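Asker: Structure file run19.cif (mmCIF, C-alpha atoms) right here:
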data_work
loop_
_atom_site.group_PDB
_atom_site.id
_atom_site.type_symbol
_atom_site.label_atom_id
_atom_site.label_comp_id
_atom_site.auth_asym_id
_atom_site.auth_seq_id
_atom_site.Cartn_x
_atom_site.Cartn_y
_atom_site.Cartn_z
ATOM 1 C CA MET A 131 140.716 48.311 98.996
ATOM 2 C CA ARG A 132 140.298 51.548 101.003
ATOM 3 C CA ASN A 133 142.669 51.976 103.903
ATOM 4 C CA PRO A 134 141.222 52.099 107.469
ATOM 5 C CA ALA A 135 141.981 55.816 107.859
ATOM 6 C CA THR A 136 139.952 56.657 104.756
ATOM 7 C CA LEU A 137 137.028 54.518 105.927
ATOM 8 C CA LYS A 138 137.099 56.209 109.321
ATOM 9 C CA GLN A 139 137.069 59.661 107.712
ATOM 10 C CA LEU A 140 134.113 58.727 105.500
ATOM 11 C CA SER A 141 132.186 57.360 108.499
ATOM 12 C CA THR A 142 132.822 60.527 110.472
ATOM 13 C CA PHE A 143 131.700 62.642 107.497
ATOM 14 C CA ALA A 144 128.510 60.581 107.141
ATOM 15 C CA ILE A 145 127.689 61.054 110.823
ATOM 16 C CA LEU A 146 128.199 64.805 110.572
ATOM 17 C CA VAL A 147 126.021 65.071 107.456
ATOM 18 C CA THR A 148 123.265 63.020 109.088
ATOM 19 C CA ALA A 149 123.386 65.147 112.235
ATOM 20 C CA ALA A 150 123.254 68.347 110.198
ATOM 21 C CA SER A 151 120.261 67.016 108.253
ATOM 22 C CA LEU A 152 118.395 66.154 111.422
ATOM 23 C CA LEU A 153 119.098 69.570 112.905
ATOM 24 C CA SER A 154 117.811 71.267 109.778
ATOM 25 C CA LEU A 155 114.531 69.364 110.137
ATOM 26 C CA SER A 156 114.108 70.328 113.796
ATOM 27 C CA PRO A 157 112.455 73.639 114.700
ATOM 28 C CA ALA A 158 114.787 76.235 116.160
ATOM 29 C CA ARG A 159 114.213 76.810 119.838
ATOM 30 C CA GLY A 160 116.436 79.512 121.216
ATOM 31 C CA GLU A 161 113.843 80.567 123.774
ATOM 32 C CA ASN A 162 114.328 83.823 125.627
ATOM 33 C CA LYS A 163 115.158 82.306 129.017
ATOM 34 C CA ILE A 164 114.368 84.069 132.288
ATOM 35 C CA PRO A 165 117.584 84.636 134.293
ATOM 36 C CA ASP A 166 117.964 82.352 137.326
ATOM 37 C CA GLU A 167 118.231 85.336 139.678
ATOM 38 C CA TYR A 168 114.449 85.746 139.355
ATOM 39 C CA ARG A 169 113.649 82.285 140.751
ATOM 40 C CA THR A 170 111.763 81.790 144.014
ATOM 41 C CA GLY A 171 111.385 78.265 145.394
ATOM 42 C CA GLY A 172 112.582 76.864 142.081
ATOM 43 C CA PHE A 173 110.094 78.841 139.971
ATOM 44 C CA PHE A 174 109.789 82.228 138.309
ATOM 45 C CA ILE A 175 106.829 83.457 140.310
ATOM 46 C CA GLY A 176 105.252 86.885 140.394
ATOM 47 C CA CYS A 177 102.012 88.578 139.415
ATOM 48 C CA GLN A 178 99.743 89.005 136.471
ATOM 49 C CA ALA A 179 99.229 92.785 136.627
ATOM 50 C CA TYR A 180 95.477 92.164 136.263
ATOM 51 C CA THR A 181 95.571 91.266 139.962
ATOM 52 C CA PHE A 182 95.977 95.014 140.500
ATOM 53 C CA ASN A 183 93.671 96.264 137.756
ATOM 54 C CA ARG A 184 92.185 98.834 140.144
ATOM 55 C CA TYR A 185 95.644 100.402 140.094
ATOM 56 C CA SER A 186 98.209 101.555 137.539
ATOM 57 C CA VAL A 187 101.114 99.739 135.895
ATOM 58 C CA PHE A 188 103.560 101.513 138.205
ATOM 59 C CA GLU A 189 101.503 100.536 141.257
ATOM 60 C CA ALA A 190 101.221 96.930 139.999
ATOM 61 C CA ILE A 191 105.018 96.764 139.835
ATOM 62 C CA GLU A 192 105.290 98.193 143.370
ATOM 63 C CA LYS A 193 102.702 95.769 144.739
ATOM 64 C CA THR A 194 104.313 92.771 143.027
ATOM 65 C CA ALA A 195 107.598 93.673 144.719
ATOM 66 C CA GLU A 196 105.844 94.236 148.050
ATOM 67 C CA ALA A 197 104.287 90.750 147.839
ATOM 68 C CA GLY A 198 107.683 89.181 147.170
ATOM 69 C CA GLY A 199 107.242 88.441 143.470
ATOM 70 C CA LYS A 200 110.200 88.786 141.133
ATOM 71 C CA VAL A 201 108.486 88.693 137.737
ATOM 72 C CA ILE A 202 105.424 90.346 136.231
ATOM 73 C CA GLU A 203 103.063 89.658 133.341
ATOM 74 C CA PHE A 204 101.438 92.755 131.863
ATOM 75 C CA TYR A 205 98.034 92.980 130.204
ATOM 76 C CA PRO A 206 96.779 95.490 127.608
ATOM 77 C CA GLY A 207 94.850 98.594 128.654
ATOM 78 C CA GLN A 208 96.039 99.284 132.209
ATOM 79 C CA LYS A 209 96.646 102.951 132.964
ATOM 80 C CA LEU A 210 100.330 103.782 133.230
ATOM 81 C CA THR A 211 100.372 105.839 136.438
ATOM 82 C CA LYS A 212 97.744 106.811 138.987
ATOM 83 C CA ASP A 213 98.146 110.479 138.030
ATOM 84 C CA ASP A 214 97.652 109.962 134.286
ATOM 85 C CA ALA A 215 94.530 107.970 133.526
ATOM 86 C CA ASP A 216 94.781 108.785 129.809
ATOM 87 C CA ALA A 217 98.114 107.022 129.259
ATOM 88 C CA LYS A 218 97.322 103.350 128.611
ATOM 89 C CA TRP A 219 99.885 100.539 128.619
ATOM 90 C CA ASP A 220 99.802 98.112 125.702
ATOM 91 C CA HIS A 221 101.753 97.067 122.597
ATOM 92 C CA ASN A 222 101.187 100.490 121.011
ATOM 93 C CA ALA A 223 103.285 102.144 123.734
ATOM 94 C CA SER A 224 105.808 104.749 122.650
ATOM 95 C CA ALA A 225 109.541 104.238 123.093
ATOM 96 C CA GLU A 226 109.415 106.854 125.849
ATOM 97 C CA MET A 227 106.683 104.986 127.708
ATOM 98 C CA ILE A 228 108.546 101.680 127.364
ATOM 99 C CA ASP A 229 111.668 103.305 128.786
ATOM 100 C CA LYS A 230 109.701 104.635 131.790
ATOM 101 C CA VAL A 231 108.318 101.175 132.545
ATOM 102 C CA LYS A 232 111.758 99.597 132.214
ATOM 103 C CA GLN A 233 113.155 102.112 134.696
ATOM 104 C CA LYS A 234 110.326 101.349 137.140
ATOM 105 C CA LEU A 235 110.970 97.603 136.806
ATOM 106 C CA ALA A 236 114.680 98.094 137.435
ATOM 107 C CA GLN A 237 113.974 100.247 140.478
ATOM 108 C CA HIS A 238 112.024 97.395 142.092
ATOM 109 C CA LYS A 239 114.182 94.560 140.699
ATOM 110 C CA ILE A 240 111.203 93.058 138.833
ATOM 111 C CA LYS A 241 111.567 91.263 135.476
ATOM 112 C CA ALA A 242 108.806 91.636 132.862
ATOM 113 C CA VAL A 243 108.341 88.195 131.306
ATOM 114 C CA ASN A 244 104.954 87.987 129.604
ATOM 115 C CA TYR A 245 102.097 89.981 128.054
ATOM 116 C CA GLY A 246 98.421 89.114 127.657
ATOM 117 C CA VAL A 247 95.772 88.000 127.335
ATOM 118 C CA VAL A 248 95.938 89.879 124.026
ATOM 119 C CA ASP A 249 94.204 89.318 120.694
ATOM 120 C CA ILE A 250 96.742 88.537 117.977
ATOM 121 C CA PRO A 251 95.376 89.442 114.517
ATOM 122 C CA LYS A 252 95.763 87.243 111.447
ATOM 123 C CA ASP A 253 97.122 90.300 109.657
ATOM 124 C CA GLU A 254 100.887 89.982 109.906
ATOM 125 C CA ALA A 255 101.612 93.708 110.046
ATOM 126 C CA GLN A 256 99.246 94.197 112.982
ATOM 127 C CA ALA A 257 100.435 91.049 114.763
ATOM 128 C CA ARG A 258 104.023 92.154 114.324
ATOM 129 C CA LYS A 259 103.369 95.168 116.588
ATOM 130 C CA ILE A 260 102.778 92.768 119.500
ATOM 131 C CA PHE A 261 105.988 90.849 118.852
ATOM 132 C CA GLU A 262 107.995 94.055 118.428
ATOM 133 C CA PHE A 263 106.670 95.244 121.787
ATOM 134 C CA ALA A 264 107.560 91.900 123.386
ATOM 135 C CA LYS A 265 111.050 92.129 121.910
ATOM 136 C CA ALA A 266 111.508 95.715 123.130
ATOM 137 C CA MET A 267 110.470 94.664 126.648
ATOM 138 C CA GLY A 268 112.653 91.526 126.635
ATOM 139 C CA LEU A 269 109.655 89.267 127.225
ATOM 140 C CA ARG A 270 109.794 85.493 127.061
ATOM 141 C CA ALA A 271 106.223 84.975 125.894
ATOM 142 C CA VAL A 272 102.865 86.384 124.853
ATOM 143 C CA THR A 273 99.507 85.013 126.010
ATOM 144 C CA THR A 274 96.495 84.864 123.697
ATOM 145 C CA GLU A 275 93.356 82.962 122.705
ATOM 146 C CA SER A 276 93.631 83.827 119.001
ATOM 147 C CA VAL A 277 93.565 80.296 117.592
ATOM 148 C CA ASP A 278 92.418 81.586 114.208
ATOM 149 C CA ALA A 279 95.737 83.428 113.835
ATOM 150 C CA ILE A 280 97.868 80.309 114.445
ATOM 151 C CA ASP A 281 99.653 80.486 111.073
ATOM 152 C CA THR A 282 100.662 84.110 111.603
ATOM 153 C CA ILE A 283 101.630 83.342 115.191
ATOM 154 C CA GLU A 284 103.860 80.447 114.188
ATOM 155 C CA LYS A 285 105.653 82.539 111.571
ATOM 156 C CA LEU A 286 106.383 85.321 114.063
ATOM 157 C CA VAL A 287 107.349 82.926 116.855
ATOM 158 C CA LYS A 288 110.047 81.543 114.575
ATOM 159 C CA GLU A 289 111.180 84.995 113.512
ATOM 160 C CA TYR A 290 111.300 86.626 116.956
ATOM 161 C CA ASP A 291 112.032 83.581 119.149
ATOM 162 C CA ILE A 292 109.221 84.687 121.456
ATOM 163 C CA MET A 293 106.910 82.010 122.789
ATOM 164 C CA VAL A 294 103.097 82.036 122.697
ATOM 165 C CA GLY A 295 100.767 80.386 125.198
ATOM 166 C CA PHE A 296 97.080 79.792 124.502
ATOM 167 C CA HIS A 297 95.030 80.774 127.535
ATOM 168 C CA ASP A 298 91.921 79.052 128.882
ATOM 169 C CA HIS A 299 88.853 80.747 130.304
ATOM 170 C CA PRO A 300 86.086 78.664 131.934
ATOM 171 C CA ARG A 301 83.691 76.439 130.039
ATOM 172 C CA ARG A 302 80.709 78.429 128.719
ATOM 173 C CA PRO A 303 77.474 76.399 128.786
ATOM 174 C CA ASP A 304 75.764 79.135 126.762
ATOM 175 C CA ASN A 305 78.488 79.012 124.096
ATOM 176 C CA PRO A 306 79.452 75.451 123.107
ATOM 177 C CA GLY A 307 81.655 76.894 120.373
ATOM 178 C CA TYR A 308 84.096 78.155 123.010
ATOM 179 C CA ARG A 309 86.629 75.334 123.414
ATOM 180 C CA MET A 310 89.677 76.939 125.052
ATOM 181 C CA TRP A 311 88.729 75.526 128.471
ATOM 182 C CA ASP A 312 89.489 71.999 127.205
ATOM 183 C CA PRO A 313 93.204 71.032 127.388
ATOM 184 C CA ASN A 314 92.634 68.391 124.723
ATOM 185 C CA TYR A 315 91.501 71.105 122.334
ATOM 186 C CA ILE A 316 94.540 73.270 123.155
ATOM 187 C CA LEU A 317 96.751 70.258 122.500
ATOM 188 C CA SER A 318 95.079 69.659 119.125
ATOM 189 C CA VAL A 319 95.854 73.271 118.176
ATOM 190 C CA VAL A 320 99.537 73.259 119.175
ATOM 191 C CA LYS A 321 100.789 69.667 118.882
ATOM 192 C CA ASP A 322 102.050 69.926 115.286
ATOM 193 C CA ARG A 323 103.315 73.470 115.635
ATOM 194 C CA ASP A 324 106.640 74.998 116.633
ATOM 195 C CA PRO A 325 107.507 73.825 120.187
ATOM 196 C CA ARG A 326 107.545 77.437 121.362
ATOM 197 C CA ILE A 327 103.746 77.468 120.973
ATOM 198 C CA GLY A 328 101.731 75.881 123.769
ATOM 199 C CA SER A 329 99.496 76.569 126.757
ATOM 200 C CA CYS A 330 99.152 79.339 129.286
ATOM 201 C CA ALA A 331 97.764 77.037 131.958
ATOM 202 C CA ASP A 332 95.135 78.935 133.946
ATOM 203 C CA THR A 333 94.493 76.487 136.766
ATOM 204 C CA GLY A 334 91.665 78.532 138.264
ATOM 205 C CA HIS A 335 89.626 78.474 135.083
ATOM 206 C CA TRP A 336 90.169 74.727 134.810
ATOM 207 C CA VAL A 337 88.785 74.354 138.340
ATOM 208 C CA ARG A 338 85.811 76.538 137.368
ATOM 209 C CA SER A 339 85.284 74.124 134.463
ATOM 210 C CA ASN A 340 85.259 71.205 136.959
ATOM 211 C CA LEU A 341 88.638 69.937 135.696
ATOM 212 C CA LYS A 342 91.545 68.869 137.885
ATOM 213 C CA PRO A 343 94.564 71.053 137.056
ATOM 214 C CA VAL A 344 97.160 68.293 137.450
ATOM 215 C CA GLU A 345 95.360 66.102 134.922
ATOM 216 C CA CYS A 346 95.187 69.038 132.496
ATOM 217 C CA LEU A 347 98.905 69.707 132.894
ATOM 218 C CA ARG A 348 99.657 66.071 132.099
ATOM 219 C CA ILE A 349 97.583 66.240 128.918
ATOM 220 C CA LEU A 350 99.649 69.258 127.847
ATOM 221 C CA LYS A 351 102.997 67.844 128.973
ATOM 222 C CA GLY A 352 105.879 69.567 127.242
ATOM 223 C CA ARG A 353 103.656 72.380 125.990
ATOM 224 C CA ILE A 354 103.227 74.476 129.135
ATOM 225 C CA ILE A 355 104.592 77.916 128.248
ATOM 226 C CA SER A 356 103.361 79.774 131.344
ATOM 227 C CA SER A 357 100.738 79.514 134.066
ATOM 228 C CA HIS A 358 98.148 81.652 135.773
ATOM 229 C CA LEU A 359 98.279 79.751 139.038
ATOM 230 C CA LYS A 360 95.207 79.950 141.262
ATOM 231 C CA ASP A 361 93.836 78.103 144.272
ATOM 232 C CA LEU A 362 90.048 78.344 144.495
ATOM 233 C CA ASN A 363 87.673 77.802 147.402
ATOM 234 C CA GLN A 364 85.482 75.335 145.451
ATOM 235 C CA MET A 365 85.193 73.380 142.220
ATOM 236 C CA GLY A 366 82.881 74.699 139.524
ATOM 237 C CA PRO A 367 81.582 78.128 138.534
ATOM 238 C CA GLY A 368 81.644 80.758 141.242
ATOM 239 C CA GLY A 369 84.878 79.690 142.886
ATOM 240 C CA HIS A 370 87.103 82.521 144.051
ATOM 241 C CA ASP A 371 90.804 82.841 144.762
ATOM 242 C CA MET A 372 92.346 81.740 148.046
ATOM 243 C CA PRO A 373 95.957 81.835 149.280
ATOM 244 C CA PHE A 374 97.863 78.886 147.841
ATOM 245 C CA GLY A 375 97.450 75.713 149.850
ATOM 246 C CA THR A 376 94.092 76.677 151.355
ATOM 247 C CA GLY A 377 91.773 75.821 148.430
ATOM 248 C CA VAL A 378 90.773 72.835 146.290
ATOM 249 C CA SER A 379 93.230 73.202 143.382
ATOM 250 C CA ASP A 380 95.972 71.030 144.982
ATOM 251 C CA VAL A 381 98.785 73.525 144.454
ATOM 252 C CA PRO A 382 101.473 71.147 145.830
ATOM 253 C CA ALA A 383 100.601 68.567 143.167
ATOM 254 C CA ILE A 384 100.578 71.291 140.503
ATOM 255 C CA LEU A 385 104.059 72.449 141.514
ATOM 256 C CA GLU A 386 105.297 68.848 141.579
ATOM 257 C CA GLU A 387 103.966 68.254 138.069
ATOM 258 C CA LEU A 388 105.443 71.477 136.696
ATOM 259 C CA LYS A 389 108.808 70.552 138.184
ATOM 260 C CA ALA A 390 108.590 67.032 136.764
ATOM 261 C CA GLN A 391 108.005 68.570 133.333
ATOM 262 C CA ASN A 392 111.062 70.832 133.744
ATOM 263 C CA PHE A 393 108.822 73.869 133.366
ATOM 264 C CA GLN A 394 110.896 77.009 132.755
ATOM 265 C CA GLY A 395 108.154 79.588 132.260
ATOM 266 C CA ASN A 396 106.603 82.156 134.553
ATOM 267 C CA ILE A 397 103.976 81.462 137.185
ATOM 268 C CA SER A 398 101.664 84.461 137.376
ATOM 269 C CA ILE A 399 99.532 84.908 140.463
ATOM 270 C CA GLU A 400 96.290 86.291 139.053
ATOM 271 C CA TYR A 401 94.392 86.954 142.264
ATOM 272 C CA GLU A 402 90.841 87.946 141.368
ATOM 273 C CA HIS A 403 89.470 88.448 144.854
ATOM 274 C CA ASN A 404 89.722 91.119 147.548
ATOM 275 C CA TRP A 405 90.710 93.428 144.721
ATOM 276 C CA GLU A 406 91.474 96.537 146.751
ATOM 277 C CA ASN A 407 93.716 94.905 149.339
ATOM 278 C CA SER A 408 95.075 91.636 147.962
ATOM 279 C CA VAL A 409 98.801 92.177 148.571
ATOM 280 C CA PRO A 410 98.872 90.211 151.874
ATOM 281 C CA GLU A 411 97.127 87.234 150.244
ATOM 282 C CA VAL A 412 99.326 87.441 147.148
ATOM 283 C CA GLY A 413 102.296 87.505 149.519
ATOM 284 C CA GLN A 414 101.011 84.295 151.115
ATOM 285 C CA CYS A 415 100.931 82.701 147.648
ATOM 286 C CA VAL A 416 104.534 83.704 146.949
ATOM 287 C CA GLY A 417 105.518 82.477 150.410
ATOM 288 C CA PHE A 418 103.863 79.113 149.810
ATOM 289 C CA VAL A 419 105.862 78.530 146.621
ATOM 290 C CA ARG A 420 109.065 79.723 148.297
ATOM 291 C CA GLY A 421 108.550 77.434 151.288
ATOM 292 C CA PHE A 422 107.413 74.437 149.274
ATOM 293 C CA GLY A 423 110.328 74.731 146.887
ATOM 294 C CA THR A 424 112.811 75.212 149.721
ATOM 295 C CA ALA A 425 111.494 72.101 151.466
ATOM 296 C CA LYS A 426 111.875 70.160 148.208
ATOM 297 C CA ARG A 427 115.387 71.604 147.744
ATOM 298 C CA TRP A 428 114.451 73.058 144.383
#
Using structure tokens, write down the structure that the file contains.

Answerer:
Amino acid sequence: MRNPATLKQLSTFAILVTAASLLSLSPARGENKIPDEYRTGGFFIGCQAYTFNRYSVFEAIEKTAEAGGKVIEFYPGQKLTKDDADAKWDHNASAEMIDKVKQKLAQHKIKAVNYGVVDIPKDEAQARKIFEFAKAMGLRAVTTESVDAIDTIEKLVKEYDIMVGFHDHPRRPDNPGYRMWDPNYILSVVKDRDPRIGSCADTGHWVRSNLKPVECLRILKGRIISSHLKDLNQMGPGGHDMPFGTGVSDVPAILEELKAQNFQGNISIEYEHNWENSVPEVGQCVGFVRGFGTAKRW
């Protein structure tokens, strides 16, 4: 008969082996977390640089800071500075250009967190350029609609520990083959993939598709990587951006749902209205999130 000490040791060993086996079956999820110092009202809120696409990258950083945002999401193709229209900012940027942008971000205390919407090729060598750029910039995630490259994306997500969110544009009646507007389709693409792959929830485009953002978020629960948060003046095509809390998107309910899901990604204000002078309205959006979160004690 085995003595009790030996039995106890064997039981402990069995537990450890079982735990190790389970861990080996689970996908790694280090996740490049955004530091808490960049939170506002309980969220990491700032701008999608496309809000300021009439301006340069440097100006977009300045305007994000002026509006009260603490994080920024870049997009490919924006000119670097107002004085150099030939220098374009994207994942082919030189080390020198990356260093200049990092210095500008540090000057204004803005954290770069995301990049897109960008096409990610199936070709691994070409796709790798995007992930190397994201790594060099210290980004948490990349935003794309390249569903056909999902196998390449998953491989590089695991390798780089950089998340990927699939973006939604509005429903296209003239193109029934476009399915990204449908959260159920996004879920079907990501549900069996690495948990660092999910949705970039563009609430404005859902509203333009006559969908209620909160219901879409619930469909994608646990898979929200980032959000392009918008409040529109009306449901359906043709709606335009409004300061948060003044439109039909129900921003309070959206924020409540994101908080309930323990959302840790960036909220990008992508304000596609009043293009030349949107900073005051973008500032209202930041202020709404700050005030709402403060009232909720987030």

Asker: Might you pull out every residue within 12 Å of Glu192 of chain A, with all atoms listed in the file counted and same-chain residues fewer than 6 positions away left off, and present them as a compact mmCIF listing (two decimals) with C-alpha atoms, in the frame of the given file?

Answerer:
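Below is the file out19.txt, written as the result:
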# COMPACT_ATOMS: atom_id res chain seq x y z
CA GLY A 176 105.25 86.88 140.39
CA CYS A 177 102.01 88.58 139.42
CA ALA A 179 99.23 92.78 136.63
CA PHE A 182 95.98 95.01 140.50
CA TYR A 185 95.64 100.40 140.09
CA SER A 186 98.21 101.56 137.54
CA GLY A 198 107.68 89.18 147.17
CA GLY A 199 107.24 88.44 143.47
CA LYS A 200 110.20 88.79 141.13
CA VAL A 201 108.49 88.69 137.74
CA ILE A 202 105.42 90.35 136.23
CA THR A 211 100.37 105.84 136.44
CA VAL A 231 108.32 101.18 132.54
CA LYS A 234 110.33 101.35 137.14
CA LEU A 235 110.97 97.60 136.81
CA ALA A 236 114.68 98.09 137.44
CA GLN A 237 113.97 100.25 140.48
CA HIS A 238 112.02 97.40 142.09
CA LYS A 239 114.18 94.56 140.70
CA ILE A 240 111.20 93.06 138.83
CA VAL A 409 98.80 92.18 148.57

Asker: Run the PyMOL selection byres ((chain A and resi 317) around 9) mentally over the shown coordinates, then write out the matched residues as a list of chain:residue names, using the chain letters and numbers from the document.

Answerer: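 Selected by the PyMOL selection byres ((chain A and resi 317) around 9) here: A:Asp312, A:Pro313, A:Asn314, A:Tyr315, A:Ile316, A:Ser318, A:Val319, A:Val320, A:Lys321, A:Asp322, A:Gly328, A:Ser329, A:Ile349, A:Leu350, A:Arg353.
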
Asker: For segment 323-325 of chain A, work out the shell of residues within 12 Å, counting only C-alpha atoms and skipping chain neighbours fewer than 6 positions away, then give it as a count of residues only.

Answerer: 30

Asker: Just checking: using all atoms listed in the file, which residue out of A:Gly268, A:Pro300, A:Pro410, A:Pro306 ends up closest to Asp332 of chain A?

Answerer: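 So, comparing all the options, the nearest one is A:Pro300.
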
Asker: Give me, as a PyMOL selection string, all polymer residues having an atom no more than 12 Å from Arg184 of chain A, counting only C-alpha atoms and skipping those fewer than 6 positions away in the same chain.

Answerer: chain A and resi 190+193+207-212+215+402-408
